[in-house]
$ cat final-v7.tsv   # TSV, N, CA and C atoms
chain	number	residue	atom	x	y	z
A	1103	GLN	N	147.61	96.02	210.99
A	1103	GLN	CA	146.82	97.24	210.93
A	1103	GLN	C	147.35	98.12	209.81
A	1104	VAL	N	146.45	98.55	208.97
A	1104	VAL	CA	146.83	99.39	207.84
A	1104	VAL	C	146.99	100.83	208.30
A	1105	GLN	N	148.04	101.45	207.84
A	1105	GLN	CA	148.29	102.84	208.21
A	1105	GLN	C	148.88	103.58	207.02
A	1106	LEU	N	148.35	104.76	206.75
A	1106	LEU	CA	148.89	105.63	205.71
A	1106	LEU	C	149.44	106.87	206.39
A	1107	VAL	N	150.64	107.25	206.03
A	1107	VAL	CA	151.28	108.40	206.65
A	1107	VAL	C	151.70	109.39	205.58
A	1108	GLU	N	151.16	110.61	205.67
A	1108	GLU	CA	151.52	111.67	204.75
A	1108	GLU	C	152.62	112.53	205.36
A	1109	SER	N	153.44	113.11	204.50
A	1109	SER	CA	154.48	114.04	204.94
A	1109	SER	C	154.76	115.04	203.83
A	1110	GLY	N	155.45	116.12	204.19
A	1110	GLY	CA	155.85	117.09	203.20
A	1110	GLY	C	155.05	118.37	203.16
A	1111	GLY	N	154.01	118.44	203.98
A	1111	GLY	CA	153.22	119.66	204.00
A	1111	GLY	C	153.98	120.80	204.66
A	1112	GLY	N	153.42	122.00	204.54
A	1112	GLY	CA	154.06	123.15	205.15
A	1112	GLY	C	153.53	124.45	204.59
A	1113	LEU	N	154.28	125.50	204.84
A	1113	LEU	CA	153.92	126.84	204.40
A	1113	LEU	C	154.81	127.24	203.22
A	1114	VAL	N	154.19	127.73	202.17
A	1114	VAL	CA	154.94	128.14	200.98
A	1114	VAL	C	154.29	129.37	200.39
A	1115	GLN	N	155.07	130.18	199.72
A	1115	GLN	CA	154.52	131.36	199.07
A	1115	GLN	C	153.87	130.99	197.74
A	1116	ALA	N	152.94	131.79	197.33
A	1116	ALA	CA	152.29	131.57	196.04
A	1116	ALA	C	153.33	131.51	194.93
A	1117	GLY	N	153.14	130.57	194.03
A	1117	GLY	CA	154.09	130.35	192.96
A	1117	GLY	C	155.15	129.32	193.28
A	1118	GLY	N	155.24	128.94	194.54
A	1118	GLY	CA	156.24	127.97	194.95
A	1118	GLY	C	155.80	126.54	194.75
A	1119	SER	N	156.61	125.61	195.25
A	1119	SER	CA	156.36	124.18	195.07
A	1119	SER	C	156.50	123.45	196.40
A	1120	LEU	N	155.78	122.34	196.47
A	1120	LEU	CA	155.91	121.41	197.59
A	1120	LEU	C	155.76	120.01	197.05
A	1121	ARG	N	156.36	119.07	197.74
A	1121	ARG	CA	156.21	117.67	197.37
A	1121	ARG	C	155.68	116.90	198.57
A	1122	LEU	N	154.52	116.31	198.40
A	1122	LEU	CA	153.92	115.48	199.45
A	1122	LEU	C	154.26	114.02	199.20
A	1123	SER	N	154.45	113.30	200.27
A	1123	SER	CA	154.72	111.87	200.17
A	1123	SER	C	153.74	111.10	201.03
A	1124	CYS	N	153.42	109.91	200.57
A	1124	CYS	CA	152.52	109.04	201.32
A	1124	CYS	C	153.13	107.65	201.36
A	1125	ALA	N	153.19	107.10	202.55
A	1125	ALA	CA	153.70	105.74	202.72
A	1125	ALA	C	152.62	104.90	203.38
A	1126	ALA	N	152.39	103.71	202.84
A	1126	ALA	CA	151.38	102.81	203.37
A	1126	ALA	C	152.05	101.64	204.09
A	1127	PHE	N	151.51	101.31	205.23
A	1127	PHE	CA	152.06	100.23	206.03
A	1127	PHE	C	150.96	99.25	206.41
A	1128	GLY	N	151.35	98.04	206.65
A	1128	GLY	CA	150.40	97.06	207.16
A	1128	GLY	C	150.05	95.96	206.17
A	1129	ARG	N	150.17	96.26	204.89
A	1129	ARG	CA	149.95	95.24	203.86
A	1129	ARG	C	150.47	95.79	202.55
A	1130	SER	N	150.54	94.96	201.57
A	1130	SER	CA	151.02	95.39	200.26
A	1130	SER	C	149.87	96.00	199.48
A	1131	PHE	N	150.14	97.15	198.87
A	1131	PHE	CA	149.12	97.81	198.06
A	1131	PHE	C	149.54	97.88	196.60
A	1132	GLY	N	150.42	96.98	196.22
A	1132	GLY	CA	150.90	97.00	194.85
A	1132	GLY	C	149.83	96.74	193.81
A	1133	SER	N	148.69	96.18	194.20
A	1133	SER	CA	147.62	95.90	193.26
A	1133	SER	C	146.49	96.92	193.33
A	1134	SER	N	146.68	97.99	194.10
A	1134	SER	CA	145.64	99.00	194.26
A	1134	SER	C	146.15	100.38	193.87
A	1135	GLY	N	145.24	101.17	193.34
A	1135	GLY	CA	145.59	102.55	193.03
A	1135	GLY	C	145.65	103.39	194.29
A	1136	MET	N	146.25	104.56	194.16
A	1136	MET	CA	146.34	105.48	195.29
A	1136	MET	C	145.92	106.87	194.81
A	1137	GLY	N	145.49	107.66	195.75
A	1137	GLY	CA	145.03	108.99	195.38
A	1137	GLY	C	145.29	110.02	196.46
A	1138	TRP	N	145.13	111.26	196.05
A	1138	TRP	CA	145.23	112.39	196.98
A	1138	TRP	C	143.94	113.21	196.91
A	1139	PHE	N	143.46	113.58	198.07
A	1139	PHE	CA	142.31	114.46	198.19
A	1139	PHE	C	142.73	115.63	199.07
A	1140	ARG	N	141.90	116.67	199.08
A	1140	ARG	CA	142.17	117.80	199.97
A	1140	ARG	C	140.86	118.37	200.48
A	1141	GLN	N	140.98	119.00	201.63
A	1141	GLN	CA	139.81	119.65	202.21
A	1141	GLN	C	140.21	120.98	202.82
A	1142	ALA	N	139.62	122.02	202.29
A	1142	ALA	CA	139.84	123.37	202.80
A	1142	ALA	C	138.79	123.68	203.86
A	1143	PRO	N	139.06	124.63	204.76
A	1143	PRO	CA	138.10	124.97	205.80
A	1143	PRO	C	136.75	125.36	205.21
A	1144	GLY	N	135.71	124.75	205.71
A	1144	GLY	CA	134.37	125.08	205.27
A	1144	GLY	C	133.96	124.48	203.94
A	1145	LYS	N	134.83	123.66	203.37
A	1145	LYS	CA	134.52	123.05	202.08
A	1145	LYS	C	134.55	121.53	202.17
A	1146	GLU	N	133.93	120.90	201.18
A	1146	GLU	CA	133.94	119.45	201.13
A	1146	GLU	C	135.29	118.95	200.63
A	1147	ARG	N	135.58	117.71	200.99
A	1147	ARG	CA	136.83	117.12	200.51
A	1147	ARG	C	136.72	116.90	199.01
A	1148	GLU	N	137.79	117.23	198.29
A	1148	GLU	CA	137.75	117.11	196.84
A	1148	GLU	C	138.92	116.27	196.33
A	1149	PHE	N	138.69	115.63	195.21
A	1149	PHE	CA	139.70	114.82	194.56
A	1149	PHE	C	140.78	115.71	193.97
A	1150	VAL	N	142.03	115.35	194.20
A	1150	VAL	CA	143.15	116.11	193.66
A	1150	VAL	C	143.84	115.33	192.54
A	1151	ALA	N	144.24	114.11	192.84
A	1151	ALA	CA	144.95	113.30	191.84
A	1151	ALA	C	144.89	111.83	192.23
A	1152	GLY	N	144.99	110.97	191.23
A	1152	GLY	CA	144.99	109.54	191.48
A	1152	GLY	C	145.88	108.83	190.48
A	1153	ILE	N	146.36	107.68	190.87
A	1153	ILE	CA	147.23	106.89	190.00
A	1153	ILE	C	146.79	105.43	190.07
A	1154	SER	N	146.81	104.76	188.93
A	1154	SER	CA	146.39	103.37	188.89
A	1154	SER	C	147.40	102.46	189.56
A	1155	TRP	N	147.01	101.23	189.78
A	1155	TRP	CA	147.83	100.30	190.54
A	1155	TRP	C	149.20	100.07	189.91
A	1156	ASN	N	149.26	100.14	188.59
A	1156	ASN	CA	150.54	99.90	187.91
A	1156	ASN	C	151.22	101.19	187.46
A	1157	GLY	N	150.65	102.31	187.84
A	1157	GLY	CA	151.24	103.60	187.47
A	1157	GLY	C	150.99	104.02	186.04
A	1158	GLY	N	150.23	103.22	185.32
A	1158	GLY	CA	150.03	103.51	183.91
A	1158	GLY	C	149.04	104.61	183.61
A	1159	ARG	N	148.17	104.91	184.57
A	1159	ARG	CA	147.16	105.95	184.35
A	1159	ARG	C	147.13	106.91	185.52
A	1160	THR	N	146.87	108.16	185.21
A	1160	THR	CA	146.71	109.18	186.24
A	1160	THR	C	145.49	110.03	185.91
A	1161	GLU	N	144.90	110.60	186.93
A	1161	GLU	CA	143.79	111.52	186.77
A	1161	GLU	C	144.01	112.69	187.72
A	1162	TYR	N	143.51	113.86	187.32
A	1162	TYR	CA	143.68	115.05	188.13
A	1162	TYR	C	142.37	115.82	188.22
A	1163	GLY	N	142.21	116.49	189.35
A	1163	GLY	CA	141.09	117.40	189.48
A	1163	GLY	C	141.32	118.60	188.57
A	1164	ASP	N	140.25	119.20	188.10
A	1164	ASP	CA	140.36	120.30	187.15
A	1164	ASP	C	141.19	121.46	187.70
A	1165	SER	N	141.11	121.70	188.98
A	1165	SER	CA	141.78	122.87	189.56
A	1165	SER	C	143.30	122.69	189.66
A	1166	VAL	N	143.79	121.47	189.49
A	1166	VAL	CA	145.23	121.25	189.64
A	1166	VAL	C	145.89	120.74	188.36
A	1167	LYS	N	145.11	120.50	187.33
A	1167	LYS	CA	145.68	120.00	186.08
A	1167	LYS	C	146.75	120.94	185.55
A	1168	GLY	N	147.87	120.35	185.15
A	1168	GLY	CA	148.96	121.13	184.61
A	1168	GLY	C	149.90	121.68	185.67
A	1169	ARG	N	149.52	121.56	186.94
A	1169	ARG	CA	150.37	122.08	188.02
A	1169	ARG	C	150.85	120.98	188.96
A	1170	PHE	N	150.03	119.97	189.16
A	1170	PHE	CA	150.38	118.89	190.09
A	1170	PHE	C	150.70	117.63	189.31
A	1171	ILE	N	151.59	116.83	189.88
A	1171	ILE	CA	151.95	115.55	189.27
A	1171	ILE	C	151.98	114.47	190.34
A	1172	ILE	N	151.25	113.39	190.09
A	1172	ILE	CA	151.25	112.27	191.04
A	1172	ILE	C	152.14	111.16	190.50
A	1173	SER	N	152.84	110.52	191.39
A	1173	SER	CA	153.67	109.38	191.04
A	1173	SER	C	153.54	108.33	192.12
A	1174	GLY	N	153.80	107.08	191.77
A	1174	GLY	CA	153.65	106.02	192.74
A	1174	GLY	C	154.64	104.90	192.53
A	1175	ASP	N	154.87	104.17	193.58
A	1175	ASP	CA	155.75	103.02	193.52
A	1175	ASP	C	155.05	101.89	194.27
A	1176	GLY	N	154.43	101.00	193.51
A	1176	GLY	CA	153.68	99.92	194.11
A	1176	GLY	C	154.52	99.00	194.97
A	1177	ALA	N	155.75	98.80	194.58
A	1177	ALA	CA	156.62	97.91	195.34
A	1177	ALA	C	156.96	98.50	196.70
A	1178	LYS	N	157.00	99.82	196.77
A	1178	LYS	CA	157.35	100.49	198.02
A	1178	LYS	C	156.12	101.00	198.77
A	1179	ASN	N	154.94	100.80	198.19
A	1179	ASN	CA	153.71	101.29	198.82
A	1179	ASN	C	153.77	102.79	199.08
A	1180	THR	N	154.22	103.53	198.09
A	1180	THR	CA	154.30	104.99	198.26
A	1180	THR	C	153.65	105.71	197.10
A	1181	ALA	N	153.22	106.91	197.36
A	1181	ALA	CA	152.66	107.78	196.32
A	1181	ALA	C	153.03	109.21	196.66
A	1182	ASP	N	153.58	109.91	195.71
A	1182	ASP	CA	154.00	111.29	195.92
A	1182	ASP	C	153.14	112.24	195.10
A	1183	LEU	N	153.05	113.46	195.57
A	1183	LEU	CA	152.32	114.50	194.84
A	1183	LEU	C	153.23	115.72	194.74
A	1184	GLN	N	153.69	115.99	193.55
A	1184	GLN	CA	154.50	117.18	193.29
A	1184	GLN	C	153.56	118.32	192.95
A	1185	MET	N	153.62	119.37	193.75
A	1185	MET	CA	152.71	120.50	193.57
A	1185	MET	C	153.52	121.73	193.16
A	1186	ASN	N	153.26	122.23	191.98
A	1186	ASN	CA	153.96	123.38	191.44
A	1186	ASN	C	153.00	124.54	191.23
A	1187	SER	N	153.57	125.72	191.08
A	1187	SER	CA	152.78	126.93	190.84
A	1187	SER	C	151.62	127.03	191.83
A	1188	LEU	N	151.94	126.87	193.07
A	1188	LEU	CA	150.90	126.83	194.10
A	1188	LEU	C	150.19	128.18	194.23
A	1189	LYS	N	148.90	128.10	194.54
A	1189	LYS	CA	148.06	129.27	194.69
A	1189	LYS	C	147.47	129.27	196.11
A	1190	PRO	N	147.08	130.43	196.59
A	1190	PRO	CA	146.45	130.47	197.92
A	1190	PRO	C	145.24	129.54	198.04
A	1191	GLU	N	144.52	129.36	196.95
A	1191	GLU	CA	143.35	128.49	196.97
A	1191	GLU	C	143.72	127.00	197.06
A	1192	ASP	N	145.00	126.68	196.99
A	1192	ASP	CA	145.44	125.30	197.20
A	1192	ASP	C	145.58	124.99	198.69
A	1193	THR	N	145.44	126.00	199.52
A	1193	THR	CA	145.54	125.79	200.96
A	1193	THR	C	144.47	124.83	201.44
A	1194	ALA	N	144.91	123.76	202.11
A	1194	ALA	CA	143.99	122.72	202.55
A	1194	ALA	C	144.76	121.66	203.32
A	1195	VAL	N	144.02	120.76	203.92
A	1195	VAL	CA	144.62	119.54	204.45
A	1195	VAL	C	144.58	118.50	203.34
A	1196	TYR	N	145.71	117.91	203.05
A	1196	TYR	CA	145.82	116.95	201.96
A	1196	TYR	C	145.87	115.53	202.55
A	1197	TYR	N	145.03	114.67	201.96
A	1197	TYR	CA	144.91	113.30	202.44
A	1197	TYR	C	145.33	112.31	201.35
A	1198	CYS	N	146.04	111.30	201.77
A	1198	CYS	CA	146.39	110.19	200.90
A	1198	CYS	C	145.40	109.05	201.13
A	1199	ALA	N	145.11	108.31	200.08
A	1199	ALA	CA	144.15	107.22	200.22
A	1199	ALA	C	144.49	106.07	199.28
A	1200	VAL	N	144.02	104.88	199.63
A	1200	VAL	CA	144.24	103.69	198.81
A	1200	VAL	C	142.91	103.18	198.29
A	1201	ASP	N	142.87	102.92	197.01
A	1201	ASP	CA	141.69	102.41	196.32
A	1201	ASP	C	141.28	101.06	196.90
A	1202	SER	N	139.98	100.85	197.01
A	1202	SER	CA	139.48	99.59	197.56
A	1202	SER	C	139.48	98.46	196.54
A	1203	SER	N	139.64	98.77	195.26
A	1203	SER	CA	139.61	97.73	194.24
A	1203	SER	C	141.02	97.23	193.93
A	1204	TYR	N	141.06	96.15	193.18
A	1204	TYR	CA	142.33	95.54	192.81
A	1204	TYR	C	142.46	95.50	191.29
A	1205	TYR	N	143.63	95.86	190.82
A	1205	TYR	CA	143.94	95.81	189.39
A	1205	TYR	C	142.89	96.56	188.56
A	1206	ALA	N	142.41	97.66	189.08
A	1206	ALA	CA	141.41	98.45	188.36
A	1206	ALA	C	141.99	99.03	187.08
A	1207	LEU	N	141.16	99.08	186.06
A	1207	LEU	CA	141.60	99.62	184.76
A	1207	LEU	C	141.48	101.13	184.70
A	1208	VAL	N	140.71	101.69	185.63
A	1208	VAL	CA	140.55	103.14	185.65
A	1208	VAL	C	140.99	103.67	187.01
A	1209	VAL	N	141.26	104.96	187.06
A	1209	VAL	CA	141.67	105.61	188.30
A	1209	VAL	C	140.44	106.03	189.09
A	1210	ALA	N	140.40	105.68	190.35
A	1210	ALA	CA	139.29	106.09	191.21
A	1210	ALA	C	139.37	107.59	191.48
A	1211	THR	N	138.21	108.26	191.39
A	1211	THR	CA	138.21	109.71	191.58
A	1211	THR	C	137.22	110.17	192.64
A	1212	THR	N	136.49	109.25	193.27
A	1212	THR	CA	135.54	109.64	194.30
A	1212	THR	C	135.93	109.04	195.65
A	1213	GLU	N	135.51	109.70	196.71
A	1213	GLU	CA	135.87	109.26	198.05
A	1213	GLU	C	135.43	107.83	198.33
A	1214	ARG	N	134.23	107.48	197.89
A	1214	ARG	CA	133.68	106.17	198.23
A	1214	ARG	C	134.45	105.01	197.61
A	1215	GLU	N	135.29	105.32	196.63
A	1215	GLU	CA	136.09	104.28	195.98
A	1215	GLU	C	137.38	103.98	196.74
A	1216	TYR	N	137.66	104.80	197.73
A	1216	TYR	CA	138.90	104.62	198.50
A	1216	TYR	C	138.60	104.03	199.86
A	1217	GLU	N	139.42	103.08	200.24
A	1217	GLU	CA	139.15	102.32	201.47
A	1217	GLU	C	139.97	102.79	202.66
A	1218	TYR	N	141.22	103.07	202.44
A	1218	TYR	CA	142.12	103.46	203.53
A	1218	TYR	C	142.55	104.92	203.35
A	1219	TRP	N	142.64	105.61	204.49
A	1219	TRP	CA	142.94	107.04	204.46
A	1219	TRP	C	144.01	107.39	205.49
A	1220	GLY	N	144.84	108.36	205.12
A	1220	GLY	CA	145.77	108.91	206.08
A	1220	GLY	C	145.11	109.98	206.91
A	1221	LYS	N	145.85	110.54	207.85
A	1221	LYS	CA	145.29	111.57	208.73
A	1221	LYS	C	145.44	112.96	208.16
A	1222	GLY	N	146.22	113.10	207.10
A	1222	GLY	CA	146.33	114.37	206.42
A	1222	GLY	C	147.56	115.18	206.80
A	1223	THR	N	147.94	116.07	205.89
A	1223	THR	CA	149.05	116.99	206.13
A	1223	THR	C	148.62	118.36	205.64
A	1224	GLN	N	148.93	119.38	206.43
A	1224	GLN	CA	148.49	120.74	206.12
A	1224	GLN	C	149.40	121.39	205.08
A	1225	VAL	N	148.77	121.98	204.09
A	1225	VAL	CA	149.48	122.80	203.10
A	1225	VAL	C	148.89	124.19	203.16
A	1226	THR	N	149.74	125.18	203.36
A	1226	THR	CA	149.30	126.57	203.42
A	1226	THR	C	150.08	127.37	202.41
A	1227	VAL	N	149.37	128.06	201.53
A	1227	VAL	CA	150.00	128.88	200.50
A	1227	VAL	C	149.67	130.33	200.79
A	1228	SER	N	150.69	131.11	201.02
A	1228	SER	CA	150.49	132.52	201.32
A	1228	SER	C	150.56	133.36	200.06
A	1229	SER	N	149.80	134.43	200.06
A	1229	SER	CA	149.77	135.30	198.87
A	1229	SER	C	150.84	136.36	198.92
$ encode --input "final-v7.tsv" --output "structure tokens"
Amino acid sequence: QVQLVESGGGLVQAGGSLRLSCAAFGRSFGSSGMGWFRQAPGKEREFVAGISWNGGRTEYGDSVKGRFIISGDGAKNTADLQMNSLKPEDTAVYYCAVDSSYYALVVATTEREYEYWGKGTQVTVSS
């Protein structure tokens, strides 16, 4: 059974940093990209960041470019999201996901491209 587990969420003041981690269990995901999405109350889930299967490419949502950094380790089935200069509008539940494709040349940026999802971790940024 495939399981993704996120950790590292919490409460932080605006301008601060948090690091989210995602660990995948149940099978090897070394050939698949991983991504992070978030969903704020009353809003649709949005793409935050993604990394290709070999770590060679990354993509970011416009609202987090220059502030967030995604990293991954295919051998360990993990993907981290370093979040800096956090803003109150970054408050959301953050979800980790695994791309449904194998050895993709581009980073998946839409929900439908991801097959496995974690249950999410809450990030709250106070002003």
$ closest_atom_pairs --input "final-v7.tsv" --of "stretch 1103-1191 of chain A" --to "stretch 1196-1216 of chain A" --cutoff "8 Å" --atoms "only N, CA and C atoms" --output "Markdown table"
| residue | atom | partner | partner_atom | distance |
| --- | --- | --- | --- | --- |
| A:Leu1106 | CA | A:Cys1198 | C | 6.7 |
| A:Val1107 | C | A:Cys1198 | N | 7.1 |
| A:Glu1108 | CA | A:Cys1198 | N | 6.2 |
| A:Gly1111 | CA | A:Tyr1196 | N | 7.8 |
| A:Ser1123 | C | A:Cys1198 | CA | 7.4 |
| A:Cys1124 | CA | A:Cys1198 | CA | 6.3 |
| A:Ala1125 | N | A:Cys1198 | CA | 7.6 |
| A:Phe1131 | CA | A:Val1200 | CA | 7.7 |
| A:Gly1132 | C | A:Tyr1205 | N | 6.9 |
| A:Ser1133 | C | A:Tyr1205 | N | 4.0 |
| A:Ser1134 | CA | A:Ser1203 | C | 5.0 |
| A:Gly1135 | C | A:Asp1201 | N | 3.9 |
| A:Met1136 | CA | A:Ala1199 | C | 4.4 |
| A:Gly1137 | N | A:Ala1199 | C | 4.0 |
| A:Trp1138 | CA | A:Tyr1197 | C | 4.4 |
| A:Phe1139 | C | A:Tyr1197 | N | 3.8 |
| A:Arg1140 | CA | A:Tyr1196 | CA | 4.2 |
| A:Gln1141 | N | A:Tyr1196 | N | 5.1 |
| A:Ala1142 | N | A:Tyr1196 | N | 7.4 |
| A:Arg1147 | C | A:Glu1213 | N | 7.7 |
| A:Glu1148 | C | A:Thr1211 | C | 7.3 |
| A:Phe1149 | CA | A:Thr1211 | C | 5.6 |
| A:Val1150 | N | A:Thr1211 | C | 7.2 |
| A:Ala1151 | C | A:Ala1210 | C | 7.0 |
| A:Gly1152 | C | A:Val1209 | CA | 5.7 |
| A:Ile1153 | C | A:Val1209 | CA | 5.4 |
| A:Ser1154 | N | A:Val1209 | CA | 5.2 |
| A:Trp1155 | N | A:Ala1206 | N | 5.9 |
| A:Asn1156 | N | A:Tyr1205 | CA | 6.9 |
| A:Arg1159 | C | A:Val1209 | CA | 6.3 |
| A:Thr1160 | C | A:Val1209 | CA | 6.3 |
| A:Glu1161 | N | A:Val1209 | CA | 6.1 |
| A:Tyr1162 | N | A:Thr1211 | CA | 8.0 |
| A:Ala1181 | C | A:Cys1198 | CA | 7.9 |
$ closest_residue --input "final-v7.tsv" --among "A:Gly1220, A:Gly1168, A:Pro1143, A:Gly1110" --to "A:Ser1187" --atoms "only N, CA and C atoms"
A:Gly1168
$ atom_distance --input "final-v7.tsv" --atom1 "atom C of A:Ala1194" --atom2 "atom N of A:Gly1144"
9.9 Å
$ select_by_dssp --input "final-v7.tsv" --residues "stretch 1106-1224 of chain A" --states "helix (DSSP H, G or I)" --output "PyMOL selection string"
chain A and resi 1190-1192+1213-1215
$ residues_around --input "final-v7.tsv" --residues "A:Leu1188" --least-positions-apart "5" --cutoff "8 Å" --atoms "all atoms listed in the file" --output "PyMOL selection string"
chain A and resi 1114-1120+1169+1193+1227-1228
$ select_by_dssp --input "final-v7.tsv" --residues "chain A" --states "strand (DSSP E)" --output "JSON, numbers by chain"
{"A": [1105, 1106, 1107, 1108, 1109, 1112, 1113, 1114, 1115, 1120, 1121, 1122, 1123, 1124, 1125, 1126, 1127, 1136, 1137, 1138, 1139, 1140, 1141, 1148, 1149, 1150, 1151, 1152, 1153, 1160, 1161, 1162, 1170, 1171, 1172, 1173, 1174, 1175, 1180, 1181, 1182, 1183, 1184, 1185, 1194, 1195, 1196, 1197, 1198, 1199, 1200, 1201, 1216, 1217, 1218, 1219, 1223, 1224, 1225, 1226, 1227, 1228]}
$ axis_aligned_box --input "final-v7.tsv" --around "stretch 1143-1160 of chain A" --padding-each-side "3 Å" --output "lines of an AutoDock Vina configuration file"
center_x = 142.6
center_y = 112.6
center_z = 194.7
size_x = 23.3
size_y = 31.5
size_z = 28.2
$ atom_distance --input "final-v7.tsv" --atom1 "atom CA of A:Gly1112" --atom2 "atom CA of A:Met1185"
12.0 Å
$ atom_distance --input "final-v7.tsv" --atom1 "atom C of A:Phe1170" --atom2 "atom C of A:Asp1182"
8.3 Å
$ decode --input "final-v7.tsv" --residues "stretch 1121-1135 of chain A" --atoms "N, CA, C and O atoms" --output "CSV table (one decimal), in the first residue's frame"
chain,number,residue,atom,x,y,z
A,1121,ARG,N,10.3,24.2,7.1
A,1121,ARG,CA,10.8,23.1,6.1
A,1121,ARG,C,9.8,22.0,6.2
A,1121,ARG,O,9.7,21.3,7.3
A,1122,LEU,N,9.2,21.7,5.2
A,1122,LEU,CA,8.3,20.5,5.1
A,1122,LEU,C,9.0,19.3,4.5
A,1122,LEU,O,9.8,19.5,3.6
A,1123,SER,N,8.7,18.2,5.0
A,1123,SER,CA,9.2,16.9,4.5
A,1123,SER,C,8.2,16.0,4.1
A,1123,SER,O,7.1,15.9,4.7
A,1124,CYS,N,8.4,15.2,3.1
A,1124,CYS,CA,7.5,14.2,2.6
A,1124,CYS,C,8.3,12.9,2.4
A,1124,CYS,O,9.3,12.9,1.7
A,1125,ALA,N,7.7,11.8,3.0
A,1125,ALA,CA,8.3,10.5,2.8
A,1125,ALA,C,7.3,9.6,2.2
A,1125,ALA,O,6.1,9.6,2.6
A,1126,ALA,N,7.7,8.8,1.2
A,1126,ALA,CA,6.8,7.9,0.5
A,1126,ALA,C,7.1,6.5,0.8
A,1126,ALA,O,8.3,6.1,0.9
A,1127,PHE,N,6.1,5.7,1.1
A,1127,PHE,CA,6.3,4.3,1.5
A,1127,PHE,C,5.4,3.4,0.6
A,1127,PHE,O,4.4,3.8,0.0
A,1128,GLY,N,5.9,2.2,0.5
A,1128,GLY,CA,5.1,1.2,-0.2
A,1128,GLY,C,5.6,0.8,-1.6
A,1128,GLY,O,5.3,-0.3,-2.1
A,1129,ARG,N,6.4,1.6,-2.2
A,1129,ARG,CA,7.1,1.3,-3.4
A,1129,ARG,C,8.2,2.3,-3.7
A,1129,ARG,O,8.2,3.4,-3.1
A,1130,SER,N,9.0,2.0,-4.7
A,1130,SER,CA,10.0,3.0,-5.0
A,1130,SER,C,9.5,4.0,-6.0
A,1130,SER,O,8.8,3.7,-6.9
A,1131,PHE,N,9.8,5.3,-5.7
A,1131,PHE,CA,9.4,6.4,-6.6
A,1131,PHE,C,10.6,7.1,-7.2
A,1131,PHE,O,10.5,8.2,-7.6
A,1132,GLY,N,11.7,6.4,-7.3
A,1132,GLY,CA,12.9,7.0,-7.8
A,1132,GLY,C,12.7,7.4,-9.3
A,1132,GLY,O,13.5,8.2,-9.8
A,1133,SER,N,11.7,6.8,-10.0
A,1133,SER,CA,11.5,7.2,-11.4
A,1133,SER,C,10.4,8.2,-11.6
A,1133,SER,O,10.0,8.4,-12.8
A,1134,SER,N,9.8,8.7,-10.6
A,1134,SER,CA,8.7,9.6,-10.7
A,1134,SER,C,9.0,10.9,-10.0
A,1134,SER,O,9.7,11.0,-9.0
A,1135,GLY,N,8.5,12.0,-10.6
A,1135,GLY,CA,8.6,13.3,-9.9
A,1135,GLY,C,7.7,13.4,-8.7
A,1135,GLY,O,6.8,12.6,-8.5
